[in-house]
Amino acid sequence: MIRRNLLFGLAWLVVLNGCATNPPSSTPPPTTHPAGADATLSPAELVARNNAASLLFQLLQDQKNVSLLLIFKGNRADLAALIKAISATAETGSKQLLDLAQADPTLNLHAVELPAGEVAVRAAMARTDTYKLLLSTGDNFDFALLLTQSDALSYGYHLAQIAADNSSDPAQQRVFAGLGEAMSAQFQQVIAMLRTVAK
């Protein structure tokens, strides 16, 4: 029973990737630059950067734990290596974003700002995917896990691109672009592996 509950918790973490369930903030997005903000960014760019960076940070926080599922399920060496690489990228990316936020107090990593309907839909989708992972074994588990990762990585590299496009700081642009490239490459690896599992 304890093992099953732990597996359920880990599966829930995995499928939350790209399905953030934080309640929407009651504070409306700022319409003016906060003190110390880069004046070269418009208010809309500042909001877009912070929102994309926050969603990306939340995704990376979840993704860094995805390899824990391999403790209970999954025997393919190539899949295990890819999942561990995805977790490592996410852990490194999380630290990089924290460093950026420490260097720039206007970079808010907690500005998710999701509407209530979106939060509810993401939670419902996460529950469905959690049960698929929990109840599947063998190739079915591999396929279900890879599907969650294709969604998460696609979402992640697009978030990174939006954050980079709405930043005027070269260091931030490099970090966001680097994360986007890494997640895009891993997305392509996941798609290639999905094709082999689906045969």
# chains A, B, ... in the order shown; residues from 1 in each chain; ligands from 1

call {"tool": "closest_atom_pairs", "arguments": {"of": "segment 43-146 of chain A", "to": "segment 159-174 of chain A", "cutoff": "9 Å", "atoms": "only C-alpha atoms", "output": "JSON lines"}}
result
{"residue": "A:Ala44", "atom": "CA", "partner": "A:Asn166", "partner_atom": "CA", "distance": 8.8}
{"residue": "A:Glu45", "atom": "CA", "partner": "A:Asn166", "partner_atom": "CA", "distance": 5.1}
{"residue": "A:Leu46", "atom": "CA", "partner": "A:Asn166", "partner_atom": "CA", "distance": 6.9}
{"residue": "A:Val47", "atom": "CA", "partner": "A:Asn166", "partner_atom": "CA", "distance": 8.8}
{"residue": "A:Ala48", "atom": "CA", "partner": "A:Asn166", "partner_atom": "CA", "distance": 6.6}
{"residue": "A:Arg49", "atom": "CA", "partner": "A:Ala163", "partner_atom": "CA", "distance": 4.5}
{"residue": "A:Asn50", "atom": "CA", "partner": "A:Ala163", "partner_atom": "CA", "distance": 7.4}
{"residue": "A:Asn51", "atom": "CA", "partner": "A:Ala163", "partner_atom": "CA", "distance": 8.1}
{"residue": "A:Ala52", "atom": "CA", "partner": "A:Leu159", "partner_atom": "CA", "distance": 5.3}
{"residue": "A:Ala53", "atom": "CA", "partner": "A:Ala163", "partner_atom": "CA", "distance": 5.8}
{"residue": "A:Leu55", "atom": "CA", "partner": "A:Leu159", "partner_atom": "CA", "distance": 7.3}
{"residue": "A:Leu56", "atom": "CA", "partner": "A:Leu159", "partner_atom": "CA", "distance": 6.0}
{"residue": "A:Leu97", "atom": "CA", "partner": "A:Gln172", "partner_atom": "CA", "distance": 8.5}
{"residue": "A:Leu100", "atom": "CA", "partner": "A:Gln172", "partner_atom": "CA", "distance": 6.7}

call {"tool": "write_last_selection", "arguments": {"atoms": "C-alpha atoms", "output": "mmCIF file, in the first residue's frame"}}
result
data_model
loop_
_atom_site.group_PDB
_atom_site.id
_atom_site.type_symbol
_atom_site.label_atom_id
_atom_site.label_comp_id
_atom_site.auth_asym_id
_atom_site.auth_seq_id
_atom_site.Cartn_x
_atom_site.Cartn_y
_atom_site.Cartn_z
ATOM 1 C CA ALA A 44 3.667 43.879 -21.805
ATOM 2 C CA GLU A 45 7.125 42.368 -22.397
ATOM 3 C CA LEU A 46 7.859 42.405 -18.672
ATOM 4 C CA VAL A 47 4.610 40.565 -17.914
ATOM 5 C CA ALA A 48 5.182 38.058 -20.751
ATOM 6 C CA ARG A 49 8.759 37.364 -19.659
ATOM 7 C CA ASN A 50 7.819 36.842 -16.020
ATOM 8 C CA ASN A 51 4.799 34.699 -16.841
ATOM 9 C CA ALA A 52 6.729 32.470 -19.266
ATOM 10 C CA ALA A 53 9.701 32.248 -16.889
ATOM 11 C CA LEU A 55 5.659 28.576 -15.941
ATOM 12 C CA LEU A 56 9.043 27.322 -17.143
ATOM 13 C CA LEU A 97 16.617 30.506 -13.380
ATOM 14 C CA LEU A 100 18.912 34.921 -12.947
#

call {"tool": "residues_around", "arguments": {"residues": "segment 193-197 of chain A", "least_positions_apart": "6", "cutoff": "12 Å", "atoms": "only C-alpha atoms", "output": "list in words"}}
result
Arg76, Ala77, Asp78, Leu79, Ala80, Ala81, Leu82, Ile83, Gly138, Asp139, Asn140, Phe141, Asp142, Phe143, Ala144, Leu145, Leu146, Leu147, Thr148, Gln149, Ser150, Gln186 and Phe187 of chain A

call {"tool": "write_last_selection", "arguments": {"atoms": "N, CA and C atoms", "output": "PDB file, in the first residue's frame"}}
result
ATOM      1  N   ARG A  76      13.782  -0.417 -19.789  1.00  0.00           N
ATOM      2  CA  ARG A  76      14.566  -0.134 -20.983  1.00  0.00           C
ATOM      3  C   ARG A  76      15.720   0.790 -20.646  1.00  0.00           C
ATOM      4  N   ALA A  77      16.934   0.354 -20.971  1.00  0.00           N
ATOM      5  CA  ALA A  77      18.121   1.144 -20.646  1.00  0.00           C
ATOM      6  C   ALA A  77      18.125   2.473 -21.400  1.00  0.00           C
ATOM      7  N   ASP A  78      17.712   2.451 -22.682  1.00  0.00           N
ATOM      8  CA  ASP A  78      17.739   3.699 -23.458  1.00  0.00           C
ATOM      9  C   ASP A  78      16.708   4.700 -22.946  1.00  0.00           C
ATOM     10  N   LEU A  79      15.539   4.207 -22.538  1.00  0.00           N
ATOM     11  CA  LEU A  79      14.524   5.088 -21.970  1.00  0.00           C
ATOM     12  C   LEU A  79      15.001   5.664 -20.638  1.00  0.00           C
ATOM     13  N   ALA A  80      15.577   4.801 -19.804  1.00  0.00           N
ATOM     14  CA  ALA A  80      16.069   5.265 -18.503  1.00  0.00           C
ATOM     15  C   ALA A  80      17.131   6.349 -18.677  1.00  0.00           C
ATOM     16  N   ALA A  81      18.025   6.160 -19.642  1.00  0.00           N
ATOM     17  CA  ALA A  81      19.080   7.157 -19.875  1.00  0.00           C
ATOM     18  C   ALA A  81      18.488   8.489 -20.325  1.00  0.00           C
ATOM     19  N   LEU A  82      17.485   8.437 -21.190  1.00  0.00           N
ATOM     20  CA  LEU A  82      16.856   9.670 -21.671  1.00  0.00           C
ATOM     21  C   LEU A  82      16.112  10.385 -20.550  1.00  0.00           C
ATOM     22  N   ILE A  83      15.365   9.634 -19.754  1.00  0.00           N
ATOM     23  CA  ILE A  83      14.606  10.235 -18.648  1.00  0.00           C
ATOM     24  C   ILE A  83      15.552  10.861 -17.626  1.00  0.00           C
ATOM     25  N   GLY A 138       5.276  -2.357 -18.742  1.00  0.00           N
ATOM     26  CA  GLY A 138       5.981  -2.704 -19.969  1.00  0.00           C
ATOM     27  C   GLY A 138       5.955  -1.600 -21.006  1.00  0.00           C
ATOM     28  N   ASP A 139       5.695  -1.998 -22.265  1.00  0.00           N
ATOM     29  CA  ASP A 139       5.672  -1.033 -23.363  1.00  0.00           C
ATOM     30  C   ASP A 139       4.584   0.017 -23.182  1.00  0.00           C
ATOM     31  N   ASN A 140       3.473  -0.377 -22.553  1.00  0.00           N
ATOM     32  CA  ASN A 140       2.391   0.590 -22.328  1.00  0.00           C
ATOM     33  C   ASN A 140       2.838   1.697 -21.375  1.00  0.00           C
ATOM     34  N   PHE A 141       3.603   1.324 -20.349  1.00  0.00           N
ATOM     35  CA  PHE A 141       4.136   2.326 -19.432  1.00  0.00           C
ATOM     36  C   PHE A 141       5.140   3.223 -20.153  1.00  0.00           C
ATOM     37  N   ASP A 142       6.032   2.610 -20.921  1.00  0.00           N
ATOM     38  CA  ASP A 142       7.026   3.384 -21.656  1.00  0.00           C
ATOM     39  C   ASP A 142       6.343   4.407 -22.565  1.00  0.00           C
ATOM     40  N   PHE A 143       5.309   3.954 -23.261  1.00  0.00           N
ATOM     41  CA  PHE A 143       4.585   4.833 -24.185  1.00  0.00           C
ATOM     42  C   PHE A 143       3.910   5.981 -23.425  1.00  0.00           C
ATOM     43  N   ALA A 144       3.254   5.657 -22.310  1.00  0.00           N
ATOM     44  CA  ALA A 144       2.560   6.683 -21.524  1.00  0.00           C
ATOM     45  C   ALA A 144       3.552   7.698 -20.964  1.00  0.00           C
ATOM     46  N   LEU A 145       4.690   7.220 -20.485  1.00  0.00           N
ATOM     47  CA  LEU A 145       5.698   8.123 -19.929  1.00  0.00           C
ATOM     48  C   LEU A 145       6.271   9.021 -21.017  1.00  0.00           C
ATOM     49  N   LEU A 146       6.563   8.446 -22.168  1.00  0.00           N
ATOM     50  CA  LEU A 146       7.098   9.241 -23.266  1.00  0.00           C
ATOM     51  C   LEU A 146       6.094  10.285 -23.743  1.00  0.00           C
ATOM     52  N   LEU A 147       4.817   9.943 -23.733  1.00  0.00           N
ATOM     53  CA  LEU A 147       3.802  10.930 -24.117  1.00  0.00           C
ATOM     54  C   LEU A 147       3.801  12.126 -23.172  1.00  0.00           C
ATOM     55  N   THR A 148       3.895  11.850 -21.867  1.00  0.00           N
ATOM     56  CA  THR A 148       3.921  12.970 -20.915  1.00  0.00           C
ATOM     57  C   THR A 148       5.152  13.837 -21.157  1.00  0.00           C
ATOM     58  N   GLN A 149       6.259  13.201 -21.500  1.00  0.00           N
ATOM     59  CA  GLN A 149       7.491  13.943 -21.722  1.00  0.00           C
ATOM     60  C   GLN A 149       7.463  14.741 -23.027  1.00  0.00           C
ATOM     61  N   SER A 150       6.811  14.203 -24.045  1.00  0.00           N
ATOM     62  CA  SER A 150       6.708  14.973 -25.291  1.00  0.00           C
ATOM     63  C   SER A 150       5.901  16.247 -25.053  1.00  0.00           C
ATOM     64  N   GLN A 186      15.841  17.218 -26.617  1.00  0.00           N
ATOM     65  CA  GLN A 186      15.294  16.077 -25.885  1.00  0.00           C
ATOM     66  C   GLN A 186      13.897  15.721 -26.375  1.00  0.00           C
ATOM     67  N   PHE A 187      13.132  16.718 -26.787  1.00  0.00           N
ATOM     68  CA  PHE A 187      11.824  16.459 -27.384  1.00  0.00           C
ATOM     69  C   PHE A 187      11.982  15.586 -28.629  1.00  0.00           C
TER      70      PHE A 187
END

call {"tool": "closest_residue", "arguments": {"among": "A:Val66, A:Leu153, A:Ile71, A:Ala192", "to": "Gly180 of chain A", "atoms": "only C-alpha atoms"}}
result
A:Leu153

call {"tool": "residues_around", "arguments": {"residues": "Thr92 of chain A", "least_positions_apart": "3", "cutoff": "12 Å", "atoms": "only C-alpha atoms", "output": "JSON, numbers by chain"}}
result
{"A": [57, 60, 61, 63, 64, 85, 86, 87, 88, 89, 95, 96, 97, 98, 99, 175, 178, 179, 182, 183]}
